[in-house]
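Pasted below: protein26.txt, compact mmCIF, C-alpha atoms.
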# COMPACT_ATOMS: atom_id res chain seq x y z
CA MET A 4 15.25 9.24 -12.47
CA ILE A 5 17.20 12.05 -14.08
CA ILE A 6 16.31 15.55 -15.20
CA ASN A 7 17.77 16.72 -18.47
CA GLY A 8 19.54 19.96 -17.50
CA GLU A 9 19.53 21.23 -21.06
CA ILE A 10 15.74 21.14 -21.20
CA CYS A 11 14.74 21.89 -17.58
CA VAL A 12 13.39 25.40 -17.11
CA GLY A 13 13.74 25.29 -13.33
CA CYS A 14 10.04 25.77 -12.57
CA GLY A 15 10.21 23.36 -9.60
CA ARG A 16 6.77 21.85 -10.25
CA CYS A 17 8.16 18.33 -9.89
CA HIS A 18 9.72 18.92 -6.46
CA PRO A 19 6.71 18.35 -4.19
CA TYR A 20 5.79 15.11 -5.97
CA CYS A 21 8.99 13.30 -4.99
CA PRO A 22 8.15 11.04 -2.02
CA THR A 23 11.78 11.08 -0.86
CA HIS A 24 12.63 14.75 -1.46
CA ALA A 25 15.39 13.79 -3.90
CA ILE A 26 14.82 16.73 -6.28
CA TYR A 27 16.57 20.00 -5.53
CA PHE A 28 17.69 23.18 -7.31
CA GLU A 29 21.24 23.58 -8.59
CA ASP A 30 22.12 26.59 -10.73
CA LEU A 31 18.42 27.36 -11.24
CA LYS A 32 17.76 23.88 -12.66
CA SER A 33 16.16 20.88 -10.98
CA VAL A 34 18.46 17.96 -10.23
CA VAL A 35 17.78 14.46 -8.85
CA ASP A 36 20.06 13.23 -6.07
CA GLN A 37 20.92 9.75 -7.37
CA ASP A 38 21.80 8.41 -3.93
CA ILE A 39 18.42 9.32 -2.52
CA CYS A 40 16.20 8.57 -5.55
CA TYR A 41 14.25 5.32 -5.15
CA GLU A 42 13.45 5.09 -8.89
CA CYS A 43 9.74 5.00 -8.04
CA GLY A 44 8.99 6.97 -11.22
CA CYS A 45 6.40 9.21 -9.57
CA CYS A 46 7.87 12.44 -10.99
CA LEU A 47 7.78 11.05 -14.56
CA ARG A 48 4.39 9.36 -14.32
CA ILE A 49 2.64 12.43 -13.00
CA GLU A 50 3.46 14.34 -16.22
CA VAL A 51 3.85 17.62 -14.39
CA CYS A 52 6.97 18.76 -16.24
CA PRO A 53 6.01 21.40 -18.83
CA VAL A 54 9.02 20.60 -21.06
CA ASP A 55 9.34 16.81 -20.60
CA ALA A 56 12.76 17.09 -19.00
CA ILE A 57 12.26 14.13 -16.64
CA GLU A 58 13.67 10.86 -17.92
CA GLU A 59 14.27 7.36 -16.68
CA ASN A 60 17.83 6.74 -15.50
CA PRO A 61 19.53 4.69 -18.27
CA HIS A 62 21.06 2.42 -15.59
CA VAL A 63 17.80 1.76 -13.75
CA TYR A 64 17.48 -1.83 -14.97
CA GLU A 65 21.06 -2.76 -14.10
CA TYR A 66 21.47 -4.94 -11.04
CA PRO A 67 21.54 -4.06 -8.15
CA ARG A 68 20.07 -0.60 -8.85
CA ALA A 69 17.11 -2.32 -10.55
CA LEU A 70 15.98 -3.43 -7.10
CA ARG A 71 15.18 0.21 -6.31
CA LYS A 72 12.67 0.21 -9.12
CA TYR A 73 11.18 -3.22 -8.39
CA PHE A 74 10.68 -2.39 -4.73
CA SER A 75 9.65 1.25 -5.12
CA ASP A 76 7.65 1.62 -8.34
CA PRO A 77 4.16 0.16 -7.80
CA ASN A 78 3.80 -0.33 -11.56
CA ALA A 79 6.98 -2.39 -11.91
CA THR A 80 6.36 -6.11 -12.13
CA HIS A 81 8.90 -8.14 -10.22
CA ALA A 82 10.47 -10.86 -12.34
CA GLN A 83 10.18 -13.49 -9.62
CA THR A 84 6.51 -13.22 -8.64
CA GLY A 85 5.11 -11.68 -11.80
CA ILE A 86 3.13 -9.45 -9.43
CA GLU A 87 3.27 -5.70 -9.33
CA GLY A 88 4.29 -4.40 -5.93
CA ARG A 89 6.24 -5.80 -3.06
CA GLY A 90 4.32 -8.76 -1.75
CA THR A 91 2.55 -11.89 -2.80
CA GLU A 92 -1.22 -12.19 -2.66
CA GLU A 93 -1.12 -12.82 1.12
CA SER A 94 -4.58 -12.74 2.65
CA LYS A 95 -6.23 -11.32 -0.46
CA THR A 96 -6.98 -14.66 -2.07
CA ASN A 97 -6.77 -16.90 0.98
CA ASP A 98 -10.39 -18.02 0.52
CA ALA A 99 -9.33 -19.61 -2.78
CA THR A 100 -5.80 -20.71 -1.88
CA ASN A 101 -5.95 -21.51 1.85
CA ARG A 102 -2.26 -20.60 2.02
CA CYS A 103 -2.77 -19.49 5.60
CA GLY A 104 -4.74 -22.36 7.08
CA PRO A 105 -6.55 -22.82 10.41
CA GLY A 106 -4.09 -22.70 13.31
CA GLU A 107 -1.58 -20.74 11.24
CA VAL A 108 -0.79 -17.03 11.12
CA GLY A 109 0.84 -14.90 8.49
CA ILE A 110 3.08 -12.08 9.67
CA LEU A 111 4.11 -9.22 7.42
CA ILE A 112 6.90 -6.83 8.34
CA GLU A 113 6.52 -3.99 5.83
CA VAL A 114 9.87 -2.25 6.17
CA GLY A 115 10.12 1.37 5.01
CA ARG A 116 6.38 1.95 5.16
CA PRO A 117 4.78 4.38 5.37
CA THR A 118 6.78 6.70 3.07
CA VAL A 119 10.10 6.73 4.95
CA GLY A 120 11.92 4.14 2.80
CA MET A 121 15.08 2.39 3.91
CA ASP A 122 18.61 1.32 3.31
CA LEU A 123 18.71 -2.45 2.79
CA LYS A 124 21.05 -2.67 5.79
CA ASP A 125 17.98 -1.99 7.91
CA ILE A 126 16.06 -4.95 6.60
CA GLN A 127 19.14 -7.12 7.09
CA LYS A 128 19.08 -6.22 10.79
CA ILE A 129 15.60 -7.71 10.94
CA THR A 130 16.39 -10.85 8.92
CA ARG A 131 19.47 -11.47 11.05
CA ALA A 132 17.45 -11.08 14.26
CA LEU A 133 14.80 -13.47 12.93
CA ALA A 134 17.44 -16.02 11.87
CA LYS A 135 19.22 -15.75 15.22
CA ALA A 136 15.90 -16.45 16.95
CA GLY A 137 15.42 -19.56 14.80
CA ILE A 138 12.64 -18.06 12.70
CA HIS A 139 13.18 -19.25 9.13
CA GLU A 140 9.62 -19.49 7.80
CA ILE A 141 10.01 -16.73 5.21
CA GLU A 142 7.53 -17.01 2.34
CA PRO A 143 9.55 -18.35 -0.62
CA HIS A 144 7.44 -16.60 -3.26
CA ASN A 145 7.89 -13.11 -1.86
CA PRO A 146 10.28 -11.09 -4.06
CA PHE A 147 12.26 -10.06 -0.99
CA ASN A 148 13.34 -13.67 -0.57
CA SER A 149 15.65 -13.35 -3.59
CA MET A 150 17.75 -10.80 -1.67
CA ILE A 151 18.70 -13.27 1.05
CA GLN A 152 22.08 -14.93 0.62
CA ASN A 153 22.11 -17.12 3.71
CA THR A 154 18.86 -18.15 5.34
CA SER A 155 20.56 -19.55 8.44
CA THR A 156 22.22 -16.20 9.26
CA GLY A 157 19.73 -13.82 7.63
CA ASP A 158 22.51 -12.18 5.62
CA LEU A 159 21.49 -10.41 2.42
CA LYS A 160 23.62 -10.49 -0.72
CA PRO A 161 26.62 -8.24 -0.03
CA GLU A 162 26.25 -6.26 -3.27
CA LEU A 163 22.91 -4.96 -1.99
CA MET A 164 24.37 -3.09 0.94
CA GLY A 165 24.01 0.63 0.29
CA GLU A 166 21.00 0.20 -1.98
CA ARG A 167 17.79 1.90 -0.93
CA VAL A 168 14.18 1.00 -1.61
CA LEU A 169 10.87 2.55 -0.67
CA SER A 170 9.64 -0.65 0.94
CA ALA A 171 10.11 -4.39 1.09
CA ILE A 172 8.00 -6.94 2.90
CA ILE A 173 9.30 -9.78 5.03
CA GLU A 174 6.50 -12.30 4.87
CA LEU A 175 6.39 -15.13 7.39
CA GLN A 176 3.95 -17.94 7.91
CA VAL A 177 4.08 -19.78 11.21
CA LYS A 178 1.97 -22.01 13.42
CA GLN A 179 -0.13 -19.99 15.83
CA ASP A 180 1.95 -21.05 18.82
CA ARG A 181 5.04 -19.44 17.22
CA LEU A 182 3.40 -16.00 16.94
CA ARG A 183 4.52 -14.94 20.41
CA HIS A 184 8.15 -15.74 19.65
CA VAL A 185 8.06 -13.79 16.36
CA LEU A 186 6.42 -10.73 17.91
CA ARG A 187 8.93 -10.69 20.77
CA THR A 188 11.82 -10.86 18.31
CA VAL A 189 10.35 -8.11 16.14
CA ARG A 190 9.80 -5.86 19.15
CA LYS A 191 13.47 -6.17 20.13
CA VAL A 192 14.89 -5.44 16.70
CA ALA A 193 12.55 -2.45 16.16
CA ARG A 194 14.82 -0.41 18.43
CA LYS A 195 17.85 -1.09 16.25
CA ILE A 196 16.73 0.01 12.80
CA ASP A 197 16.95 3.46 11.27
CA SER A 198 13.63 3.22 9.43
CA VAL A 199 10.07 2.24 10.24
CA PHE A 200 7.95 -0.79 9.55
CA CYS A 201 4.28 -1.63 9.61
CA LEU A 202 3.41 -4.90 11.23
CA ASP A 203 0.49 -7.10 10.10
CA VAL A 204 -0.95 -10.37 11.37
CA ILE A 205 -3.08 -12.53 9.09
CA THR A 206 -5.41 -15.20 10.42
CA GLN A 207 -8.46 -17.10 9.29
CA LEU A 208 -11.65 -15.88 10.93
CA GLU A 209 -14.25 -17.67 12.99
CA PRO A 210 -17.91 -17.29 11.96
CA GLY A 211 -19.27 -13.76 12.35
CA LEU A 212 -15.98 -12.04 11.49
CA LYS A 213 -14.56 -13.06 14.86
CA VAL A 214 -10.77 -13.00 15.21
CA PRO A 215 -9.57 -16.09 17.12
CA GLN A 216 -9.22 -15.03 20.76
CA GLU A 217 -5.91 -16.91 21.13
CA VAL A 218 -4.39 -14.68 18.43
CA LEU A 219 -5.63 -11.49 20.07
CA ASP A 220 -4.41 -12.68 23.49
CA ILE A 221 -0.90 -13.28 22.15
CA ILE A 222 -0.79 -9.89 20.41
CA GLU A 223 -1.95 -8.10 23.56
CA SER A 224 0.31 -10.00 25.94
CA GLU A 225 3.35 -9.09 23.82
CA GLY A 226 2.55 -5.39 24.21
CA PHE A 227 1.09 -4.80 20.75
CA SER A 228 -2.38 -3.54 19.91
CA TRP A 229 -4.40 -3.77 16.71
CA ARG A 230 -5.90 -0.90 14.81
CA PRO A 231 -9.69 -0.63 14.41
CA ASN A 232 -9.40 -0.88 10.61
CA ALA A 233 -8.26 -4.01 8.82
CA LYS A 234 -8.24 -5.74 5.45
CA ILE A 235 -10.88 -8.46 5.28
CA ASN A 236 -11.29 -11.27 2.79
CA MET A 237 -15.05 -11.54 2.32
CA GLY A 238 -15.06 -15.27 1.53
CA LEU A 239 -16.42 -15.08 -2.02
CA GLY A 240 -13.42 -16.66 -3.77
CA ARG A 241 -12.99 -20.31 -4.65
CA ALA A 242 -10.39 -22.38 -6.46
CA MET B 11 0.01 -4.81 -1.55
CA THR B 12 -2.06 -1.68 -1.10
CA HIS B 13 -1.39 -1.20 2.57
CA SER B 14 -5.02 -0.17 3.02
CA LEU B 15 -5.24 -1.59 6.53
CA HIS B 16 -2.78 1.06 7.71
CA ARG B 17 -4.85 4.11 6.76
CA GLU B 18 -4.69 6.61 9.58
CA GLY B 19 -7.22 9.11 10.87
CA THR B 20 -10.01 9.58 13.35
CA LEU B 21 -12.78 7.02 13.66
CA SER B 22 -15.31 9.56 12.38
CA SER B 23 -13.24 9.99 9.22
CA LEU B 24 -12.36 6.32 8.74
CA LYS B 25 -15.95 5.19 9.14
CA ARG B 26 -16.69 6.67 5.70
CA ASP B 27 -13.62 5.22 4.04
CA PHE B 28 -13.69 1.74 2.49
CA CYS B 29 -11.47 0.03 -0.05
CA LEU B 30 -12.71 -2.89 -2.10
CA PHE B 31 -10.51 -5.19 -4.17
CA ILE B 32 -11.33 -7.83 -6.77
CA TYR B 33 -8.47 -10.29 -6.86
CA PRO B 34 -8.00 -13.47 -8.92
CA ALA B 35 -5.73 -16.06 -7.28
CA ARG B 36 -2.58 -16.91 -9.17
CA GLY B 37 -2.46 -20.67 -9.78
CA PHE B 38 -6.07 -21.22 -8.68
CA ASN B 39 -8.63 -19.19 -10.63
CA TYR B 40 -6.30 -16.88 -12.55
CA GLU B 41 -6.74 -18.54 -15.94
CA GLY B 42 -10.04 -17.43 -17.46
CA SER B 43 -10.55 -14.75 -14.80
CA GLY B 44 -10.69 -11.87 -17.33
CA PRO B 45 -14.39 -12.16 -18.29
CA LYS B 46 -15.38 -12.74 -14.65
CA VAL B 47 -13.50 -9.68 -13.42
CA ARG B 48 -15.00 -7.66 -16.23
CA ARG B 49 -18.49 -8.76 -15.20
CA LEU B 50 -17.77 -7.83 -11.56
CA MET B 51 -16.37 -4.51 -12.69
CA GLU B 52 -19.55 -3.80 -14.65
CA LEU B 53 -21.49 -4.37 -11.44
CA LEU B 54 -19.15 -2.25 -9.35
CA TYR B 55 -18.86 0.80 -11.56
CA PRO B 56 -22.52 2.00 -11.32
CA THR B 57 -22.31 2.02 -7.50
CA ASP B 58 -20.33 5.26 -7.70
CA PRO B 59 -16.87 4.48 -6.29
CA SER B 60 -14.81 7.45 -5.06
CA ASN B 61 -11.84 6.14 -6.96
CA MET B 62 -10.98 3.04 -8.95
CA ILE B 63 -8.28 1.49 -11.03
CA VAL B 64 -7.73 -1.70 -12.97
CA SER B 65 -4.24 -3.14 -12.70
CA SER B 66 -4.08 -3.69 -16.45
CA LEU B 67 -4.49 0.02 -17.19
CA ARG B 68 -3.34 1.84 -14.04
CA ARG B 69 -5.27 5.04 -14.70
CA ASN B 70 -7.55 6.26 -11.95
CA LEU B 71 -11.05 7.73 -12.27
CA TYR B 72 -9.73 11.28 -12.41
CA SER B 73 -7.24 10.74 -15.21
CA GLY B 74 -9.84 11.36 -17.92
CA VAL B 75 -9.98 7.68 -18.85
CA HIS B 76 -13.25 6.47 -20.44
CA PRO B 77 -15.05 3.55 -18.71
CA ASP B 78 -15.04 1.54 -21.96
CA GLU B 79 -11.27 1.87 -22.12
CA VAL B 80 -11.04 0.52 -18.55
CA LEU B 81 -13.33 -2.41 -19.30
CA GLY B 82 -11.52 -3.11 -22.56
CA SER B 83 -8.19 -3.39 -20.78
CA ILE B 84 -9.30 -6.24 -18.51
CA LYS B 85 -7.60 -9.54 -19.24
CA ASP B 86 -6.86 -12.69 -17.23
CA GLY B 87 -5.25 -11.78 -13.93
CA ALA B 88 -6.40 -8.16 -13.93
CA ARG B 89 -7.26 -6.86 -10.46
CA VAL B 90 -9.61 -4.06 -9.50
CA TYR B 91 -8.85 -1.60 -6.71
CA SER B 92 -11.58 0.78 -5.61
CA THR B 93 -12.53 3.05 -2.76
CA PHE B 94 -15.91 4.18 -1.45
CA ASN B 95 -17.03 6.97 0.81
CA SER B 96 -20.16 5.41 2.26
CA ARG B 97 -21.19 2.25 4.02
CA GLU B 98 -24.33 1.94 1.91
CA LYS B 99 -22.39 2.00 -1.35
CA VAL B 100 -20.07 -0.77 -0.15
CA LYS B 101 -23.05 -2.79 0.98
CA GLU B 102 -24.72 -2.33 -2.41
CA VAL B 103 -21.65 -3.43 -4.33
CA LEU B 104 -21.14 -6.46 -2.08
CA ILE B 105 -24.75 -7.52 -2.63
CA ARG B 106 -24.16 -7.35 -6.38
CA LEU B 107 -20.85 -9.21 -6.23
CA LYS B 108 -22.32 -11.89 -4.00
CA GLU B 109 -25.24 -12.44 -6.39
CA ALA B 110 -22.87 -12.64 -9.35
CA ASP B 111 -21.00 -15.47 -7.56
CA GLU B 112 -18.04 -15.53 -9.93
CA GLY B 113 -15.73 -17.19 -7.37
CA ILE B 114 -13.17 -14.37 -7.48
CA SER B 115 -11.80 -13.15 -4.13
CA ILE B 116 -13.17 -9.87 -2.79
CA MET B 117 -11.40 -7.91 -0.06
CA VAL B 118 -12.79 -4.99 1.91
CA SER B 119 -10.67 -2.66 4.03
CA GLY B 120 -12.39 -0.51 6.61
CA LEU B 121 -13.36 -0.34 10.24
CA VAL B 122 -13.79 -3.95 11.34
CA ASP B 123 -17.04 -3.24 13.20
CA ARG B 124 -18.57 -1.64 10.11
CA VAL B 125 -17.51 -4.49 7.81
CA ARG B 126 -18.86 -7.00 10.34
CA GLU B 127 -22.25 -5.24 10.31
CA ILE B 128 -22.38 -5.21 6.51
CA ALA B 129 -21.35 -8.87 6.24
CA SER B 130 -24.01 -9.84 8.74
CA GLU B 131 -26.73 -7.84 6.99
CA ILE B 132 -26.12 -9.45 3.60
CA GLY B 133 -25.23 -12.93 4.78
CA LEU B 134 -21.52 -13.03 3.98
CA ASN B 135 -19.10 -15.09 6.04
CA PRO B 136 -15.67 -13.39 5.87
CA HIS B 137 -12.78 -15.82 5.62
CA THR B 138 -9.50 -14.13 6.60
CA ILE B 139 -8.40 -10.90 8.25
CA ASN B 140 -5.20 -8.90 7.93
CA LEU B 141 -4.80 -6.95 11.19
CA SER B 142 -2.59 -3.90 11.49
CA LEU B 143 -0.39 -3.81 14.58
CA GLY B 144 0.72 -0.27 13.78
CA ILE B 145 4.04 1.39 12.90
CA HIS B 146 7.29 0.59 14.72
CA GLY B 147 10.95 1.54 14.62
CA ARG B 148 12.07 5.16 14.05
CA THR B 149 8.59 6.65 14.20
CA ASP B 150 10.21 10.03 14.88
CA ARG B 151 11.14 10.04 11.16
CA LEU B 152 7.48 9.94 10.10
CA PRO B 153 5.66 13.02 8.90
CA PRO B 154 3.18 14.42 11.46
CA ALA B 155 -0.07 12.55 12.09
CA ASP B 156 -2.22 15.15 10.28
CA ILE B 157 -0.13 14.74 7.10
CA ARG B 158 -0.19 10.95 7.45
CA GLN B 159 -3.98 10.99 7.20
CA PHE B 160 -3.41 11.91 3.55
CA THR B 161 -0.22 10.02 2.75
CA THR B 162 -1.40 6.68 4.15
CA MET B 163 -4.30 6.69 1.69
CA CYS B 164 -1.68 5.62 -0.86
CA GLY B 165 -0.07 2.47 0.48
CA HIS B 166 2.89 2.60 -1.88
CA GLY B 167 3.95 5.97 -0.49
CA MET B 168 3.50 7.82 -3.78
CA VAL B 169 1.68 10.74 -2.16
CA SER B 170 4.56 12.78 -0.83
CA PRO B 171 4.24 14.66 2.48
CA ASN B 172 5.61 17.70 0.64
CA LEU B 173 2.82 17.46 -1.93
CA VAL B 174 0.26 17.46 0.90
CA ARG B 175 1.87 20.59 2.35
CA ASP B 176 1.97 22.18 -1.11
CA VAL B 177 -1.73 21.47 -1.67
CA ILE B 178 -2.68 22.78 1.77
CA ARG B 179 -0.77 25.97 0.93
CA LYS B 180 -2.56 26.29 -2.42
CA VAL B 181 -5.97 25.70 -0.85
CA LYS B 182 -5.20 28.15 1.92
CA THR B 183 -4.19 30.83 -0.58
CA GLY B 184 -7.20 30.24 -2.82
CA LYS B 185 -5.28 28.75 -5.76
CA LEU B 186 -7.12 25.42 -5.48
CA SER B 187 -10.47 24.35 -4.05
CA CYS B 188 -10.53 21.48 -1.55
CA TRP B 189 -11.80 19.15 -4.29
CA GLU B 190 -9.17 20.26 -6.84
CA GLY B 191 -6.50 19.80 -4.17
CA SER B 192 -7.77 16.31 -3.44
CA VAL B 193 -7.71 15.29 -7.09
CA THR B 194 -4.13 16.61 -7.26
CA LEU B 195 -3.24 14.42 -4.30
CA ALA B 196 -5.00 11.38 -5.80
CA ALA B 197 -3.06 11.60 -9.07
CA PRO B 198 0.22 9.94 -7.97
CA CYS B 199 -1.60 6.96 -6.40
CA THR B 200 -1.50 4.32 -9.13
CA CYS B 201 -3.35 1.71 -7.10
CA GLY B 202 -6.47 3.86 -7.14
CA ILE B 203 -7.32 3.69 -3.47
CA TYR B 204 -6.64 7.33 -2.59
CA ASN B 205 -10.08 8.56 -1.52
CA PRO B 206 -10.51 12.13 -2.82
CA HIS B 207 -13.85 12.58 -1.06
CA ARG B 208 -12.29 11.86 2.32
CA SER B 209 -9.27 13.94 1.37
CA ALA B 210 -11.48 16.96 0.52
CA GLU B 211 -13.17 16.67 3.91
CA LEU B 212 -9.77 16.54 5.60
CA LEU B 213 -8.55 19.58 3.67
CA LYS B 214 -11.65 21.52 4.65
CA GLU B 215 -11.09 20.57 8.27
CA LEU B 216 -7.33 21.16 8.39
CA THR B 217 -6.72 24.17 6.18
CA PRO B 218 -7.92 26.75 8.74
CA LEU B 219 -5.40 25.37 11.23
CA TYR B 220 -2.35 26.10 9.06
CA THR B 221 -0.40 29.32 8.74
CA VAL B 222 1.01 30.11 5.31
CA THR B 223 4.47 31.64 5.21
CA ARG B 224 5.04 31.32 1.44
CA TRP B 225 2.58 32.30 -1.32

Will you turn the file into structure tokens for me?
Amino acid sequence: MIINGEICVGCGRCHPYCPTHAIYFEDLKSVVDQDICYECGCCLRIEVCPVDAIEENPHVYEYPRALRKYFSDPNATHAQTGIEGRGTEESKTNDATNRCGPGEVGILIEVGRPTVGMDLKDIQKITRALAKAGIHEIEPHNPFNSMIQNTSTGDLKPELMGERVLSAIIELQVKQDRLRHVLRTVRKVARKIDSVFCLDVITQLEPGLKVPQEVLDIIESEGFSWRPNAKINMGLGRA
Amino acid sequence: MTHSLHREGTLSSLKRDFCLFIYPARGFNYEGSGPKVRRLMELLYPTDPSNMIVSSLRRNLYSGVHPDEVLGSIKDGARVYSTFNSREKVKEVLIRLKEADEGISIMVSGLVDRVREIASEIGLNPHTINLSLGIHGRTDRLPPADIRQFTTMCGHGMVSPNLVRDVIRKVKTGKLSCWEGSVTLAAPCTCGIYNPHRSAELLKELTPLYTVTRW
């Protein structure tokens, strides 16, 4: 995003809306720090500027900066998935798709969330650790997959280094007996990154909204715990 | 991905906070889903959601949008995101959606025990769960837990911690009511799952605890 300095009246109303604190005062005008801005578009969308001085950066759709927008603006539709946002449909439509079948688990590593954002070097640390541990089951339809240059090493495309996004999701799908190995790997790499990530586990339920005990046992034995709230597919969908 | 499973707060606050999604499946029931989603939306709207958005319009309930405009925007593939502030309302909408039996996926985010009770009472058999194993990495870079109760209500991170602080300051100094502050906080969330009712309760609870140094 940019702020037109000739129009800006320096009221500062846009400042608190920026999730990454990229807007600051310079010579009594508001300015966007282009290194920090994630191109999420929040400041423009909120229509808080009294003189319409906030504009889209003319280079926002040029690669690789465009990735900032695709992975930070919830309204931007990613060219690869055709889906707004960072993920695929994951568990949301699993009753219709059965993508995550019995005996399988989905694992989502939501890097940069909540709110902190990240340099893509951070996510590369995770993909490299996963690749080194022999974990290659990354969901091919997730938009993040297009950033990976070498699946055997987990290296991202070199031109992406230095780019920043608000969040990106590494989406894995593995057999249940591989869950322990993935969680152990994720726990180790968590100490090495300079951002945060939310960790999710997706599994089909047993009757009565019962989470398979084997899944809970693995999560617990690897030193993780699950929150009391969750996202639940109510089983009303069909293909 | 709305991140709704990672909403933070106390159990007493979260027990009145539910998100409900209507989601056609790409490649399975996406084609021709528009009229079905519209029908489900017509059933959902009268149950008084706290907030709601349709992906084809992206304007939440507090943007001044007219319900007919929302319904008119629905086309194949449109998804509905909504949030509720009571267990009974979610139960009512699930009963309606179950009876409609349109075959479109419905997701509910909330306390697992509460959702289990509701599902049991109305005879639903949930299919899949997305469990949150919490936040990891540089958690020292996160805003404080009291601020995260607000910011995690928008999964895409569009509700800035600084905006929460700004609203608390304005409520504390009498420039905004708790409800007006909550609607201000809900505005940046374009997935429509920021719950302004819960947010107003949180503001009422937290505002007395803050000291204002700037007016």

Could the residues of chain B within 6 Å of chain A, counting all atoms listed in the file, be given as a VMD selection string, please? chain B and resid 11 15 35 38 to 39 113 to 122 126 136 to 148 167 to 168 170 172 to 173

Just write the chosen residues, C-alpha atoms, as a PDB file, in the coordinates of the input.
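Once everything was written out, this is part_12.pdb:
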ATOM      1  CA  MET B  11       0.010  -4.810  -1.550  1.00  0.00           C
ATOM      2  CA  LEU B  15      -5.240  -1.590   6.530  1.00  0.00           C
ATOM      3  CA  ALA B  35      -5.730 -16.060  -7.280  1.00  0.00           C
ATOM      4  CA  PHE B  38      -6.070 -21.220  -8.680  1.00  0.00           C
ATOM      5  CA  ASN B  39      -8.630 -19.190 -10.630  1.00  0.00           C
ATOM      6  CA  GLY B 113     -15.730 -17.190  -7.370  1.00  0.00           C
ATOM      7  CA  ILE B 114     -13.170 -14.370  -7.480  1.00  0.00           C
ATOM      8  CA  SER B 115     -11.800 -13.150  -4.130  1.00  0.00           C
ATOM      9  CA  ILE B 116     -13.170  -9.870  -2.790  1.00  0.00           C
ATOM     10  CA  MET B 117     -11.400  -7.910  -0.060  1.00  0.00           C
ATOM     11  CA  VAL B 118     -12.790  -4.990   1.910  1.00  0.00           C
ATOM     12  CA  SER B 119     -10.670  -2.660   4.030  1.00  0.00           C
ATOM     13  CA  GLY B 120     -12.390  -0.510   6.610  1.00  0.00           C
ATOM     14  CA  LEU B 121     -13.360  -0.340  10.240  1.00  0.00           C
ATOM     15  CA  VAL B 122     -13.790  -3.950  11.340  1.00  0.00           C
ATOM     16  CA  ARG B 126     -18.860  -7.000  10.340  1.00  0.00           C
ATOM     17  CA  PRO B 136     -15.670 -13.390   5.870  1.00  0.00           C
ATOM     18  CA  HIS B 137     -12.780 -15.820   5.620  1.00  0.00           C
ATOM     19  CA  THR B 138      -9.500 -14.130   6.600  1.00  0.00           C
ATOM     20  CA  ILE B 139      -8.400 -10.900   8.250  1.00  0.00           C
ATOM     21  CA  ASN B 140      -5.200  -8.900   7.930  1.00  0.00           C
ATOM     22  CA  LEU B 141      -4.800  -6.950  11.190  1.00  0.00           C
ATOM     23  CA  SER B 142      -2.590  -3.900  11.490  1.00  0.00           C
ATOM     24  CA  LEU B 143      -0.390  -3.810  14.580  1.00  0.00           C
ATOM     25  CA  GLY B 144       0.720  -0.270  13.780  1.00  0.00           C
ATOM     26  CA  ILE B 145       4.040   1.390  12.900  1.00  0.00           C
ATOM     27  CA  HIS B 146       7.290   0.590  14.720  1.00  0.00           C
ATOM     28  CA  GLY B 147      10.950   1.540  14.620  1.00  0.00           C
ATOM     29  CA  ARG B 148      12.070   5.160  14.050  1.00  0.00           C
ATOM     30  CA  GLY B 167       3.950   5.970  -0.490  1.00  0.00           C
ATOM     31  CA  MET B 168       3.500   7.820  -3.780  1.00  0.00           C
ATOM     32  CA  SER B 170       4.560  12.780  -0.830  1.00  0.00           C
ATOM     33  CA  ASN B 172       5.610  17.700   0.640  1.00  0.00           C
ATOM     34  CA  LEU B 173       2.820  17.460  -1.930  1.00  0.00           C
TER      35      LEU B 173
END

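Each of B:Gly165, B:Pro153, B:Pro59, B:Pro206 was checked against Val193 in chain B using all atoms listed in the file; the smallest atom-to-atom distance is that of B:Pro206.
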
Please determine, counting all atoms listed in the file, which residue among B:Ser14, B:Tyr72, B:Thr162, B:Val103 has the shortest atom-to-atom distance to Trp189 in chain B.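 The shortest atom-to-atom distance to Trp189 in chain B comes from B:Tyr72.
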
Measure the distance from CA of Asn148 in chain A to CA of Leu182 in chain A in Å and round it to one decimal. 20.3 Å

Could you work out how far CA of Lys46 in chain B lies from CA of Glu112 in chain B, giving the answer in Å with one decimal?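 Spanning CA of Glu112 in chain B to CA of Lys46 in chain B is a straight-line distance of 6.1 Å.
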
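Pairwise distance (CA of Asn7 in chain A, CA of Lys32 in chain A) equals 9.2 Å.
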
Phe160 in chain B environment, 12 Å, all atoms listed in the file, sequence neighbours closer than 4 positions dropped, as a ChimeraX atom specification: /A:117-118 /B:16-19,23-24,153-156,164-165,167-175,177-178,191-196,199,203-213,216

Give the centre and edge lengths of an axis-aligned box, in Å to one decimal, that holds all listed atoms of range 197-204 of chain A with 6 Å on each side, as lines of an AutoDock Vina configuration file.
center_x = 8.0
center_y = -3.5
center_z = 10.4
size_x = 29.9
size_y = 25.8
size_z = 13.9

Could you pull the residues within 10 Å of Gly87 in chain B, counting all atoms listed in the file, minus those fewer than 2 positions along the same chain, as a ChimeraX atom specification? /A:86 /B:33-36,39-44,47,65-66,84-85,89-90

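With distances restricted to only C-alpha atoms, B:Arg68 is the closest residue to Pro198 in chain B from B:Arg68, B:Asp27, B:Thr57, B:Arg158.
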
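If only C-alpha atoms are the atoms counted, then among A:Cys11, A:Ile138, A:Leu159, A:Ile6 the closest residue to Gln176 in chain A is A:Ile138.
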